[in-house]
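Structure below is input_29.cif: mmCIF, C-alpha atoms.
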```
data_my_file
loop_
_atom_site.label_atom_id
_atom_site.label_comp_id
_atom_site.auth_asym_id
_atom_site.auth_seq_id
_atom_site.Cartn_x
_atom_site.Cartn_y
_atom_site.Cartn_z
CA MET A 1 69.83 181.38 88.66
CA THR A 2 67.58 179.54 91.07
CA ASP A 3 67.59 176.68 88.54
CA LEU A 4 71.39 176.39 88.31
CA LEU A 5 71.78 173.58 90.85
CA THR A 6 68.73 171.85 89.40
CA THR A 7 70.27 171.90 85.93
CA LEU A 8 73.85 171.23 87.06
CA PRO A 9 73.87 169.78 90.60
CA SER A 10 77.66 169.36 90.50
CA PHE A 11 78.39 173.01 89.67
CA PRO A 12 80.58 174.71 92.33
CA THR A 13 78.78 177.93 93.25
CA ALA A 14 81.19 179.04 95.99
CA PRO A 15 83.43 181.16 93.70
CA TYR A 16 80.38 183.03 92.38
CA THR A 17 78.40 183.82 95.54
CA HIS A 18 78.90 187.53 94.86
CA LEU A 19 77.29 187.20 91.40
CA ILE A 20 74.38 184.83 91.93
CA PRO A 21 72.15 187.14 94.06
CA SER A 22 72.29 189.88 91.42
CA LEU A 23 71.54 187.36 88.67
CA GLU A 24 68.54 186.07 90.62
CA ARG A 25 67.17 189.58 91.13
CA ALA A 26 67.48 190.16 87.39
CA LEU A 27 65.66 186.85 86.72
CA ILE A 28 68.60 185.45 84.78
CA THR A 29 68.23 181.68 84.27
CA THR A 30 70.82 179.08 83.31
CA THR A 31 69.35 179.08 79.82
CA ASP A 32 69.92 182.84 79.62
CA LEU A 33 73.57 182.37 80.58
CA LEU A 34 74.08 179.87 77.78
CA THR A 35 72.13 181.71 75.07
CA LEU A 36 72.52 185.44 75.71
CA ASP A 37 75.59 187.55 75.13
CA ALA A 38 77.72 188.01 78.24
CA LEU A 39 77.59 191.80 77.92
CA GLU A 40 73.79 191.75 77.83
CA VAL A 41 73.66 189.54 80.93
CA ALA A 42 76.12 191.82 82.72
CA LYS A 43 74.07 194.88 81.80
CA ARG A 44 70.81 193.36 83.02
CA ALA A 45 72.31 192.19 86.29
CA GLN A 46 74.58 195.25 86.69
CA LEU A 47 77.69 193.09 87.15
CA PRO A 48 81.27 193.31 85.83
CA PRO A 49 81.37 191.79 82.32
CA LEU A 50 84.59 189.86 82.97
CA ASP A 51 83.13 188.15 86.03
CA VAL A 52 80.02 187.19 84.05
CA LYS A 53 82.16 185.83 81.21
CA ARG A 54 84.11 183.64 83.65
CA LEU A 55 80.86 182.32 85.14
CA ILE A 56 79.41 181.54 81.71
CA ALA A 57 82.58 179.75 80.64
CA HIS A 58 82.55 177.66 83.83
CA VAL A 59 78.86 176.75 83.43
CA LEU A 60 79.44 175.76 79.80
CA ALA A 61 82.51 173.65 80.66
CA THR A 62 80.61 171.88 83.45
CA LEU A 63 77.68 171.15 81.17
CA GLN A 64 79.97 169.76 78.46
CA ALA A 65 81.73 167.56 81.01
CA GLU A 66 78.39 166.20 82.23
CA LEU A 67 77.31 165.43 78.66
CA GLY A 68 80.69 164.07 77.60
CA VAL A 69 80.94 166.47 74.66
CA GLY A 70 82.79 169.65 73.92
CA GLY A 71 86.28 170.71 73.07
CA GLU A 72 89.46 168.63 73.03
CA GLN A 73 90.35 169.65 76.59
CA ASN A 74 87.09 168.22 77.92
CA VAL A 75 87.53 165.07 75.85
CA ALA A 76 91.08 164.57 77.07
CA ALA A 77 90.10 165.19 80.68
CA ASN A 78 87.10 162.89 80.64
CA GLY A 79 87.90 160.19 78.12
CA GLY A 80 91.67 160.13 77.92
CA GLY A 81 91.65 161.20 74.27
CA LYS A 82 90.01 157.96 73.16
CA LYS A 83 87.06 157.55 70.90
CA PHE A 84 83.74 156.91 72.61
CA GLU A 85 83.53 153.41 71.13
CA ASP A 86 86.97 152.55 72.55
CA VAL A 87 86.14 153.42 76.14
CA PRO A 88 85.47 150.19 78.09
CA ARG A 89 82.13 149.73 79.81
CA GLU A 90 83.54 150.44 83.25
CA GLY A 91 85.05 153.68 82.03
CA GLU A 92 82.06 155.11 80.20
CA ALA A 93 81.10 157.17 83.24
CA GLY A 94 84.11 159.36 82.53
CA TRP A 95 82.43 160.58 79.37
CA GLY A 96 79.61 162.18 81.30
CA LYS A 97 76.83 160.61 83.30
CA TRP A 98 74.19 161.93 80.88
CA ARG A 99 75.73 160.35 77.78
CA THR A 100 74.80 156.77 76.98
CA CYS A 101 74.95 154.99 73.67
CA GLY A 102 71.46 154.09 72.45
CA TYR A 103 72.76 150.74 71.22
CA GLU A 104 73.93 149.95 74.75
CA LEU A 105 70.56 150.98 76.18
CA ALA A 106 68.77 148.66 73.77
CA LYS A 107 70.96 145.71 74.83
CA LYS A 108 70.63 146.38 78.57
CA PRO A 109 68.09 144.03 80.19
CA LEU A 110 65.39 145.67 82.27
CA ASP A 111 65.01 144.79 85.93
CA LYS A 112 61.31 144.42 86.58
CA ILE A 113 59.01 144.05 89.58
CA SER A 114 56.59 141.18 89.22
CA LEU A 115 52.98 141.84 90.17
CA GLY A 116 52.61 138.37 91.64
CA ASP A 117 50.37 137.08 88.86
CA GLU A 118 51.58 135.45 85.67
CA ALA A 119 48.73 136.82 83.58
CA LEU A 120 49.32 140.39 84.78
CA ASP A 121 53.06 140.10 84.21
CA ALA A 122 52.42 138.85 80.68
CA VAL A 123 50.21 141.87 79.93
CA LEU A 124 52.82 144.28 81.32
CA GLY A 125 55.73 142.71 79.50
CA GLY A 126 57.15 141.07 82.61
CA GLY A 127 56.24 143.65 85.25
CA ILE A 128 57.12 147.22 86.24
CA PRO A 129 60.64 148.08 84.97
CA THR A 130 63.30 150.18 86.64
CA GLY A 131 64.66 153.32 84.99
CA TYR A 132 61.26 154.66 83.96
CA ILE A 133 58.22 156.53 85.27
CA THR A 134 55.11 154.34 85.27
CA GLU A 135 51.69 155.83 85.93
CA ILE A 136 48.80 153.91 87.49
CA VAL A 137 45.62 155.77 86.62
CA GLY A 138 42.03 155.01 87.55
CA GLU A 139 38.87 156.24 89.19
CA SER A 140 38.32 156.12 92.93
CA GLY A 141 37.99 152.54 94.15
CA ALA A 142 39.54 151.00 91.03
CA GLY A 143 42.41 149.51 93.07
CA LYS A 144 45.27 151.97 92.50
CA THR A 145 46.40 152.17 96.11
CA GLN A 146 46.07 148.41 96.60
CA LEU A 147 48.30 147.79 93.59
CA LEU A 148 50.86 150.33 94.81
CA LEU A 149 50.95 148.78 98.28
CA CYS A 150 51.54 145.36 96.76
CA LEU A 151 54.43 146.78 94.74
CA LEU A 152 55.99 148.25 97.91
CA LEU A 153 56.20 144.74 99.33
CA LEU A 154 56.84 142.70 96.18
CA ALA A 155 59.86 144.86 95.27
CA GLN A 156 61.53 143.67 98.47
CA LEU A 157 61.54 140.06 97.26
CA PRO A 158 64.76 138.66 95.75
CA PRO A 159 65.15 138.80 91.95
CA THR A 160 64.50 135.05 91.73
CA SER A 161 61.00 135.75 93.08
CA GLY A 162 60.35 138.73 90.81
CA GLY A 163 61.55 141.52 93.14
CA LEU A 164 64.50 143.87 93.38
CA ALA A 165 65.77 142.89 96.86
CA SER A 166 65.78 146.51 97.97
CA PRO A 167 63.93 148.86 100.33
CA THR A 168 61.08 150.94 98.93
CA LEU A 169 59.88 154.51 99.41
CA TYR A 170 56.28 155.70 99.68
CA ILE A 171 55.64 159.42 99.12
CA SER A 172 52.09 160.40 100.03
CA THR A 173 50.43 163.65 99.03
CA GLU A 174 47.05 162.85 100.60
CA HIS A 175 47.00 160.19 103.34
CA PRO A 176 49.64 158.56 105.58
CA LEU A 177 51.03 155.14 104.74
CA PRO A 178 48.16 152.62 105.32
CA THR A 179 50.06 150.20 107.55
CA ALA A 180 46.92 148.19 108.40
CA ARG A 181 46.36 147.29 104.75
CA LEU A 182 50.05 146.47 104.33
CA THR A 183 49.88 144.12 107.31
CA GLN A 184 46.91 142.33 105.74
CA ILE A 185 48.78 141.95 102.45
CA LEU A 186 51.84 140.60 104.29
CA ALA A 187 49.71 137.97 105.99
CA SER A 188 47.70 136.82 102.99
CA HIS A 189 49.48 137.54 99.71
CA PRO A 190 50.52 134.17 98.22
CA SER A 191 53.97 135.35 97.11
CA ILE A 192 54.76 136.66 100.60
CA ALA A 193 52.85 134.44 103.02
CA SER A 194 54.63 131.35 101.67
CA LEU A 195 57.99 132.66 102.93
CA PRO A 196 59.08 131.66 106.45
CA ALA A 197 58.86 134.44 109.02
CA SER A 198 62.59 134.03 109.70
CA SER A 199 63.57 134.34 106.03
CA PRO A 200 65.83 137.36 105.32
CA HIS A 201 64.05 137.76 101.98
CA ARG A 202 60.59 138.17 103.53
CA PRO A 203 59.21 141.69 102.95
CA SER A 204 58.41 143.80 105.98
CA LEU A 205 57.08 147.23 106.91
CA ALA A 206 60.53 148.12 108.28
CA LYS A 207 61.87 148.18 104.72
CA ILE A 208 59.33 150.79 103.59
CA LEU A 209 60.30 154.44 104.04
CA SER A 210 57.44 156.91 104.14
CA ILE A 211 57.33 160.66 103.47
CA GLN A 212 54.25 162.87 103.49
CA VAL A 213 54.17 166.06 101.41
CA PRO A 214 51.22 168.32 102.31
CA ASP A 215 51.69 170.98 99.63
CA LEU A 216 53.40 171.74 96.34
CA GLU A 217 56.25 173.71 97.91
CA SER A 218 57.29 170.88 100.24
CA GLN A 219 56.84 168.37 97.41
CA ASP A 220 59.25 170.30 95.21
CA HIS A 221 61.82 170.57 98.01
CA ILE A 222 61.62 166.89 98.97
CA LEU A 223 61.81 165.58 95.42
CA THR A 224 64.64 167.92 94.47
CA TYR A 225 66.89 167.63 97.53
CA GLN A 226 65.82 164.84 99.90
CA LEU A 227 64.83 162.13 97.43
CA PRO A 228 68.26 161.87 95.71
CA VAL A 229 69.94 161.53 99.12
CA ALA A 230 67.47 158.83 100.22
CA LEU A 231 67.96 156.86 96.99
CA SER A 232 71.74 156.87 97.40
CA ARG A 233 71.84 156.26 101.16
CA HIS A 234 69.26 153.46 101.40
CA LYS A 235 69.77 151.89 97.94
CA ILE A 236 66.07 152.29 97.16
CA ARG A 237 64.92 150.93 93.82
CA LEU A 238 61.19 151.63 93.97
CA VAL A 239 59.59 155.01 94.62
CA VAL A 240 55.80 155.25 94.85
CA ILE A 241 54.07 158.65 94.72
CA ASP A 242 50.39 158.57 95.70
CA SER A 243 49.11 160.67 94.11
CA ILE A 244 51.00 162.84 91.65
CA ALA A 245 48.09 165.21 90.94
CA ALA A 246 46.87 165.96 94.48
CA ASN A 247 48.99 169.04 95.19
CA TYR A 248 48.38 170.41 91.71
CA ARG A 249 44.64 170.01 92.18
CA ALA A 250 44.89 171.92 95.47
CA GLU A 251 46.37 174.89 93.60
CA LYS A 252 44.30 174.57 90.43
CA SER A 253 42.63 177.91 91.16
CA GLY A 254 45.71 179.42 89.53
CA VAL A 255 48.45 181.77 90.55
CA ALA A 256 47.35 184.39 93.02
CA GLU A 257 47.38 187.89 91.66
CA GLY A 258 49.75 189.05 94.38
CA ASP A 259 52.27 186.33 93.50
CA ASP A 260 53.05 187.48 89.98
CA PRO A 261 52.86 191.11 88.88
CA SER A 262 52.55 190.10 85.25
CA ILE A 263 49.35 188.20 86.06
CA ALA A 264 47.97 190.84 88.42
CA SER A 265 48.30 193.49 85.73
CA ASN A 266 46.19 191.60 83.23
CA GLY A 267 43.11 193.51 84.28
CA ALA A 268 39.65 192.57 85.47
CA GLY A 269 36.66 191.15 83.66
CA PRO A 270 36.33 188.07 81.44
CA ALA A 271 39.38 188.93 79.34
CA GLY A 272 41.51 189.33 82.46
CA ASP A 273 40.18 186.05 83.85
CA ARG A 274 41.12 184.25 80.64
CA ARG A 275 44.61 185.73 80.73
CA ARG A 276 45.08 184.74 84.36
CA GLN A 277 43.84 181.24 83.62
CA ALA A 278 46.19 180.93 80.64
CA ALA A 279 49.11 182.18 82.72
CA ALA A 280 48.26 179.70 85.51
CA LEU A 281 48.09 176.82 83.03
CA ALA A 282 51.41 177.82 81.49
CA SER A 283 52.98 177.99 84.94
CA ARG A 284 51.62 174.56 85.85
CA SER A 285 52.87 173.09 82.56
CA ALA A 286 56.36 174.39 83.29
CA LEU A 287 56.24 172.83 86.76
CA LEU A 288 55.11 169.48 85.35
CA ILE A 289 57.87 169.48 82.73
CA LYS A 290 60.42 170.23 85.45
CA LEU A 291 58.98 167.47 87.65
CA GLY A 292 59.04 164.96 84.82
CA GLY A 293 62.65 165.76 83.98
CA LEU A 294 63.68 165.45 87.62
CA LEU A 295 61.97 162.07 88.12
CA ARG A 296 63.28 160.64 84.84
CA GLY A 297 66.81 161.69 85.74
CA LEU A 298 66.55 160.04 89.17
CA ALA A 299 65.09 156.86 87.67
CA ARG A 300 67.98 156.55 85.22
CA GLU A 301 70.75 157.59 87.58
CA HIS A 302 69.70 155.25 90.42
CA ASP A 303 68.16 152.54 88.20
CA CYS A 304 64.95 152.66 90.20
CA ALA A 305 61.30 152.33 89.23
CA ILE A 306 59.16 155.40 89.89
CA VAL A 307 55.46 154.54 90.03
CA VAL A 308 52.90 157.32 90.41
CA ALA A 309 49.15 157.20 90.96
CA ASN A 310 46.85 159.55 89.10
CA GLN A 311 43.12 160.21 89.19
CA ASN A 312 40.94 159.50 86.19
CA LEU A 313 37.52 161.11 85.97
CA LYS A 314 36.78 161.52 82.28
CA THR A 315 40.45 161.75 81.32
CA PRO A 316 43.63 161.36 83.40
CA ALA A 317 44.45 164.41 85.48
CA LEU A 318 47.25 166.86 84.55
CA GLY A 319 46.56 166.57 80.82
CA LEU A 320 48.82 166.02 77.85
CA THR A 321 51.77 167.86 79.40
CA TRP A 322 52.14 165.21 82.10
CA ALA A 323 51.38 162.34 79.70
CA ASN A 324 54.49 163.33 77.76
CA GLN A 325 56.64 162.98 80.90
CA ILE A 326 55.86 159.32 81.65
CA ALA A 327 57.01 156.13 79.94
CA ALA A 328 53.92 154.03 80.58
CA ARG A 329 50.30 154.43 81.60
CA ILE A 330 48.40 151.54 83.17
CA VAL A 331 44.66 152.09 83.43
CA LEU A 332 42.53 150.48 86.15
CA THR A 333 38.76 150.47 85.82
CA LYS A 334 35.92 148.85 87.72
CA SER A 335 32.40 147.74 86.86
CA PRO A 336 29.70 146.25 89.08
CA SER A 337 28.24 142.81 88.70
CA LEU A 338 24.58 143.50 89.44
CA MET A 339 21.84 141.31 90.85
CA THR A 340 18.21 142.01 91.73
CA THR A 341 16.66 141.80 95.17
CA SER A 342 14.62 138.91 93.81
CA ALA A 343 17.76 136.89 93.06
CA GLN A 344 16.43 134.19 95.38
CA ASN A 345 14.59 132.98 92.30
CA LEU A 346 17.97 132.12 90.78
CA SER A 347 20.05 129.13 91.67
CA ALA A 348 22.70 129.60 94.35
CA GLU A 349 25.45 129.08 91.78
CA ALA A 350 24.00 131.73 89.46
CA ALA A 351 23.58 134.24 92.28
CA ALA A 352 27.14 133.62 93.41
CA GLU A 353 28.35 134.53 89.94
CA GLY A 354 26.36 137.78 89.99
CA MET A 355 23.86 136.63 87.39
CA VAL A 356 20.48 138.38 87.12
CA ARG A 357 17.13 137.59 85.65
CA VAL A 358 15.69 139.61 82.81
CA GLY A 359 12.20 139.82 81.39
CA ARG A 360 9.71 140.07 84.23
CA GLU A 361 12.39 141.24 86.64
CA GLU A 362 12.81 144.70 85.10
CA ALA A 363 10.92 146.36 87.93
CA ALA A 364 13.04 144.72 90.63
CA GLU A 365 15.56 146.79 92.59
CA TRP A 366 19.12 146.48 91.26
CA GLN A 367 22.00 146.29 93.72
CA PRO A 368 25.75 145.96 93.18
CA HIS A 369 26.72 142.41 94.05
CA ARG A 370 30.43 142.30 93.29
CA TRP A 371 32.97 144.62 91.72
CA ARG A 372 35.06 143.50 88.79
CA ARG A 373 38.25 145.38 88.08
CA TRP A 374 40.07 145.63 84.77
CA ILE A 375 43.64 146.51 83.91
CA ASN A 376 44.76 147.86 80.55
CA VAL A 377 48.09 149.13 79.25
CA ALA A 378 47.37 152.43 77.48
CA PHE A 379 50.98 152.76 76.33
CA ALA A 380 54.39 151.48 77.39
CA GLY A 381 57.81 151.47 75.77
CA TRP A 382 58.56 147.82 76.65
CA CYS A 383 55.25 146.22 75.68
CA GLY A 384 52.30 146.90 73.43
CA PRO A 385 48.89 148.15 74.53
CA THR A 386 46.39 145.53 75.62
CA ALA A 387 43.53 144.47 73.40
CA GLU A 388 40.12 145.93 74.04
CA GLY A 389 38.87 144.60 77.36
CA GLY A 390 42.36 143.94 78.69
CA MET A 391 42.68 141.75 81.77
CA GLY A 392 39.90 141.48 84.29
CA GLY A 393 39.24 139.80 87.59
CA GLU A 394 38.10 140.20 91.13
CA GLY A 395 40.17 141.48 94.01
CA GLU A 396 41.14 138.77 96.46
CA GLY A 397 41.68 139.17 100.18
CA GLY A 398 45.42 138.96 99.75
CA GLY A 399 45.51 141.99 97.51
CA ARG A 400 46.22 139.94 94.40
CA LEU A 401 44.09 140.29 91.30
CA ARG A 402 42.94 136.93 89.93
CA CYS A 403 42.89 137.46 86.21
CA GLY A 404 41.51 136.03 83.03
CA ARG A 405 41.87 137.36 79.51
CA VAL A 406 38.89 139.30 78.20
CA GLY A 407 38.15 139.11 74.50
#
```
Mind converting the file's structure to structure tokens?
Amino acid sequence: MTDLLTTLPSFPTAPYTHLIPSLERALITTTDLLTLDALEVAKRAQLPPLDVKRLIAHVLATLQAELGVGGEQNVAANGGGKKFEDVPREGEAGWGKWRTCGYELAKKPLDKISLGDEALDAVLGGGIPTGYITEIVGESGAGKTQLLLCLLLLAQLPPTSGGLASPTLYISTEHPLPTARLTQILASHPSIASLPASSPHRPSLAKILSIQVPDLESQDHILTYQLPVALSRHKIRLVVIDSIAANYRAEKSGVAEGDDPSIASNGAGPAGDRRRQAAALASRSALLIKLGGLLRGLAREHDCAIVVANQNLKTPALGLTWANQIAARIVLTKSPSLMTTSAQNLSAEAAAEGMVRVGREEAAEWQPHRWRRWINVAFAGWCGPTAEGGMGGEGEGGGRLRCGRVG
């Protein structure tokens, strides 16, 4: 029952405080309540069957009310006995906050955060939309954090300038909020520096909330309980998590044998190691599915954009399970423009462009001259994937990527 308030946050638990501890000791979940026979649940938890039946009926009625489905009593209470199509737009909430007509979703325009570059916005279908989870993935030094910091400031701009006119939230799992880099972006980014210092629409560090989560336990608590309160209280419409995989990497060694008797009893040796590894992977997959469901629900309920950073070595971290939780994946890559130590033989213009000589210069020492960074849309529900090569450019001092289409 530890997942009851996660599944149904509005469920009143006060009348059932004498039942919930016994259900938790018996490892009864909300799914068990809805799928198992009441007598079986009562037997497992050693509780009076009538009390368990009342709890199950209340959980079921609450779930039906949230979904806007169920018996005639729920329909009459939530929709006034009308058909769904007859309920006006302002009254649709009465049919359950989780029920939305797909036709209405398709017609609803997406609020998007501009990236401050017309070419980038064109590739991303107008920018980063609200209501979805967007993943920024790339190797170290590809520009993930720089892009996320720009989004924290650009989202504060008014809608006429490509922003959301709202505060932003930065959740860090590795390092504190880099205020020095944000200050540099504020001073030099073209979309921000052009605004007068006295303008109420000018982004500032004061409009960025920051939370640091050092481990998986605190991350789960903050995202489950504190994040919904912050979104409602401060009207936040952009949440940045940097990075989503850090705390899972810290615990990738698996579940400790003392934490789960079923894993500890798997035995020693290679076979036991494989079983423990499989159990740890299954446990992590369940946590990722829960995390994805939580973030998607918050993004829809508060109409906010949730942007997460993820590492990419050979493949993006967290595997296919996490890939199924996100709506879009934007891939950042980098490649060096190389020149030889004998580049003085080239013209100044050629050296400035990172050109190198070939032929007799093979034995010369190669050194990275300038990094080029590339952005590609792997998948997204509101735009198609980019062509091979995507968009490429060189990072500017203001944090903006100057782009040109690559064939």
Selection in question (the file shown): the PyMOL selection byres ((chain A and resi 176-182) around 8). Which residues does it include, as number ranges by chain?
A: 149-150, 170, 172, 174-175, 183-186, 205, 210, 212
Filtering to C-alpha atoms, could you give me those residues as a PDB file, in the coordinates of the input?
```pdb
ATOM      1  CA  LEU A 149      50.950 148.780  98.280  1.00  0.00           C
ATOM      2  CA  CYS A 150      51.540 145.360  96.760  1.00  0.00           C
ATOM      3  CA  TYR A 170      56.280 155.700  99.680  1.00  0.00           C
ATOM      4  CA  SER A 172      52.090 160.400 100.030  1.00  0.00           C
ATOM      5  CA  GLU A 174      47.050 162.850 100.600  1.00  0.00           C
ATOM      6  CA  HIS A 175      47.000 160.190 103.340  1.00  0.00           C
ATOM      7  CA  THR A 183      49.880 144.120 107.310  1.00  0.00           C
ATOM      8  CA  GLN A 184      46.910 142.330 105.740  1.00  0.00           C
ATOM      9  CA  ILE A 185      48.780 141.950 102.450  1.00  0.00           C
ATOM     10  CA  LEU A 186      51.840 140.600 104.290  1.00  0.00           C
ATOM     11  CA  LEU A 205      57.080 147.230 106.910  1.00  0.00           C
ATOM     12  CA  SER A 210      57.440 156.910 104.140  1.00  0.00           C
ATOM     13  CA  GLN A 212      54.250 162.870 103.490  1.00  0.00           C
TER      14      GLN A 212
END
```
On this structure, which residues satisfy the PyMOL selection byres ((chain A and resi 10) around 12), written as a PyMOL selection string?
chain A and resi 4-9+11-14+58-59+61-63+65-66+96-97
Place a sphere of radius 12 Å on (52.0, 151.0, 78.9) in the file coordinates and name every protein, DNA or RNA residue with an atom inside or on its surface, counting all atoms listed in the file; give the answer as a ChimeraX atom specification.
/A:123-129,132-137,323,326-332,375-386,390
Go ahead and dump the residues you just picked, C-alpha atoms, as a PDB file, in the frame of the given file.
```pdb
ATOM      1  CA  VAL A 123      50.210 141.870  79.930  1.00  0.00           C
ATOM      2  CA  LEU A 124      52.820 144.280  81.320  1.00  0.00           C
ATOM      3  CA  GLY A 125      55.730 142.710  79.500  1.00  0.00           C
ATOM      4  CA  GLY A 126      57.150 141.070  82.610  1.00  0.00           C
ATOM      5  CA  GLY A 127      56.240 143.650  85.250  1.00  0.00           C
ATOM      6  CA  ILE A 128      57.120 147.220  86.240  1.00  0.00           C
ATOM      7  CA  PRO A 129      60.640 148.080  84.970  1.00  0.00           C
ATOM      8  CA  TYR A 132      61.260 154.660  83.960  1.00  0.00           C
ATOM      9  CA  ILE A 133      58.220 156.530  85.270  1.00  0.00           C
ATOM     10  CA  THR A 134      55.110 154.340  85.270  1.00  0.00           C
ATOM     11  CA  GLU A 135      51.690 155.830  85.930  1.00  0.00           C
ATOM     12  CA  ILE A 136      48.800 153.910  87.490  1.00  0.00           C
ATOM     13  CA  VAL A 137      45.620 155.770  86.620  1.00  0.00           C
ATOM     14  CA  ALA A 323      51.380 162.340  79.700  1.00  0.00           C
ATOM     15  CA  ILE A 326      55.860 159.320  81.650  1.00  0.00           C
ATOM     16  CA  ALA A 327      57.010 156.130  79.940  1.00  0.00           C
ATOM     17  CA  ALA A 328      53.920 154.030  80.580  1.00  0.00           C
ATOM     18  CA  ARG A 329      50.300 154.430  81.600  1.00  0.00           C
ATOM     19  CA  ILE A 330      48.400 151.540  83.170  1.00  0.00           C
ATOM     20  CA  VAL A 331      44.660 152.090  83.430  1.00  0.00           C
ATOM     21  CA  LEU A 332      42.530 150.480  86.150  1.00  0.00           C
ATOM     22  CA  ILE A 375      43.640 146.510  83.910  1.00  0.00           C
ATOM     23  CA  ASN A 376      44.760 147.860  80.550  1.00  0.00           C
ATOM     24  CA  VAL A 377      48.090 149.130  79.250  1.00  0.00           C
ATOM     25  CA  ALA A 378      47.370 152.430  77.480  1.00  0.00           C
ATOM     26  CA  PHE A 379      50.980 152.760  76.330  1.00  0.00           C
ATOM     27  CA  ALA A 380      54.390 151.480  77.390  1.00  0.00           C
ATOM     28  CA  GLY A 381      57.810 151.470  75.770  1.00  0.00           C
ATOM     29  CA  TRP A 382      58.560 147.820  76.650  1.00  0.00           C
ATOM     30  CA  CYS A 383      55.250 146.220  75.680  1.00  0.00           C
ATOM     31  CA  GLY A 384      52.300 146.900  73.430  1.00  0.00           C
ATOM     32  CA  PRO A 385      48.890 148.150  74.530  1.00  0.00           C
ATOM     33  CA  THR A 386      46.390 145.530  75.620  1.00  0.00           C
ATOM     34  CA  GLY A 390      42.360 143.940  78.690  1.00  0.00           C
TER      35      GLY A 390
END
```
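A straight line drawn from atom CA of A:Thr30 to atom CA of A:Leu60 is 9.9 Å long.
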Mind pulling up the distance from atom CA of A:Gly131 to atom CA of A:Ser199?
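The value is 28.4 Å.
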Quick check, in Å to one decimal: how far apart do atom CA of A:Pro48 and atom CA of A:Ile28 lie?
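Separating atom CA of A:Pro48 from atom CA of A:Ile28 is a distance of 14.9 Å.
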Write out as a tab-separated table a residue-level contact list of stretch 185-248 of chain A versus stretch 280-298 of chain A with cut-off 12 Å: for each qualifying residue the closest pair of atoms and the distance in Å to one decimal, counting only C-alpha atoms, rows sorted by chain and residue number upward.
```
residue	atom	partner	partner_atom	distance
A:Leu216	CA	A:Leu287	CA	10.1
A:Glu217	CA	A:Leu287	CA	11.2
A:Gln219	CA	A:Leu291	CA	10.0
A:Asp220	CA	A:Leu291	CA	8.1
A:His221	CA	A:Leu291	CA	11.2
A:Ile222	CA	A:Leu294	CA	11.6
A:Leu223	CA	A:Leu294	CA	8.0
A:Thr224	CA	A:Leu294	CA	7.3
A:Tyr225	CA	A:Leu294	CA	10.6
A:Gln226	CA	A:Leu298	CA	11.8
A:Leu227	CA	A:Leu298	CA	8.7
A:Pro228	CA	A:Leu298	CA	7.0
A:Val229	CA	A:Leu298	CA	10.6
A:Ala230	CA	A:Leu298	CA	11.2
A:Leu231	CA	A:Leu298	CA	8.6
A:Ser232	CA	A:Leu298	CA	10.2
A:Ile236	CA	A:Leu298	CA	11.1
A:Arg237	CA	A:Leu298	CA	10.4
A:Leu238	CA	A:Leu298	CA	11.1
A:Val239	CA	A:Leu295	CA	9.9
A:Val240	CA	A:Leu295	CA	11.4
A:Ile241	CA	A:Leu295	CA	10.8
A:Ile244	CA	A:Leu288	CA	10.0
A:Ala245	CA	A:Leu288	CA	9.9
A:Asn247	CA	A:Arg284	CA	11.2
A:Tyr248	CA	A:Arg284	CA	7.9
```
Taking 4 positions as the minimum chain separation for residues in the same chain, which residues sit within 12 Å of A:Arg25 when counting all atoms listed in the file? Answer as a VMD selection string.
chain A and resid 1 to 2 19 to 21 29 44 to 47
Deliver the residues from the most recent selection as a file, using C-alpha atoms, as a PDB file, in the frame of the given file.
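Written output follows (part.pdb):
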```pdb
ATOM      1  CA  MET A   1      69.830 181.380  88.660  1.00  0.00           C
ATOM      2  CA  THR A   2      67.580 179.540  91.070  1.00  0.00           C
ATOM      3  CA  LEU A  19      77.290 187.200  91.400  1.00  0.00           C
ATOM      4  CA  ILE A  20      74.380 184.830  91.930  1.00  0.00           C
ATOM      5  CA  PRO A  21      72.150 187.140  94.060  1.00  0.00           C
ATOM      6  CA  THR A  29      68.230 181.680  84.270  1.00  0.00           C
ATOM      7  CA  ARG A  44      70.810 193.360  83.020  1.00  0.00           C
ATOM      8  CA  ALA A  45      72.310 192.190  86.290  1.00  0.00           C
ATOM      9  CA  GLN A  46      74.580 195.250  86.690  1.00  0.00           C
ATOM     10  CA  LEU A  47      77.690 193.090  87.150  1.00  0.00           C
TER      11      LEU A  47
END
```
Hey, which of A:Ser194, A:Ser166, A:Ser188, A:Asn324 ends up closest to A:Ile208? Count only C-alpha atoms.
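Among the listed residues, A:Ser166 lies closest to A:Ile208.
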Closest to A:His189 among A:Ser22, A:Thr173, A:Thr333, A:Gln146, using all atoms listed in the file?
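For A:His189, the nearest of the candidates is A:Gln146.
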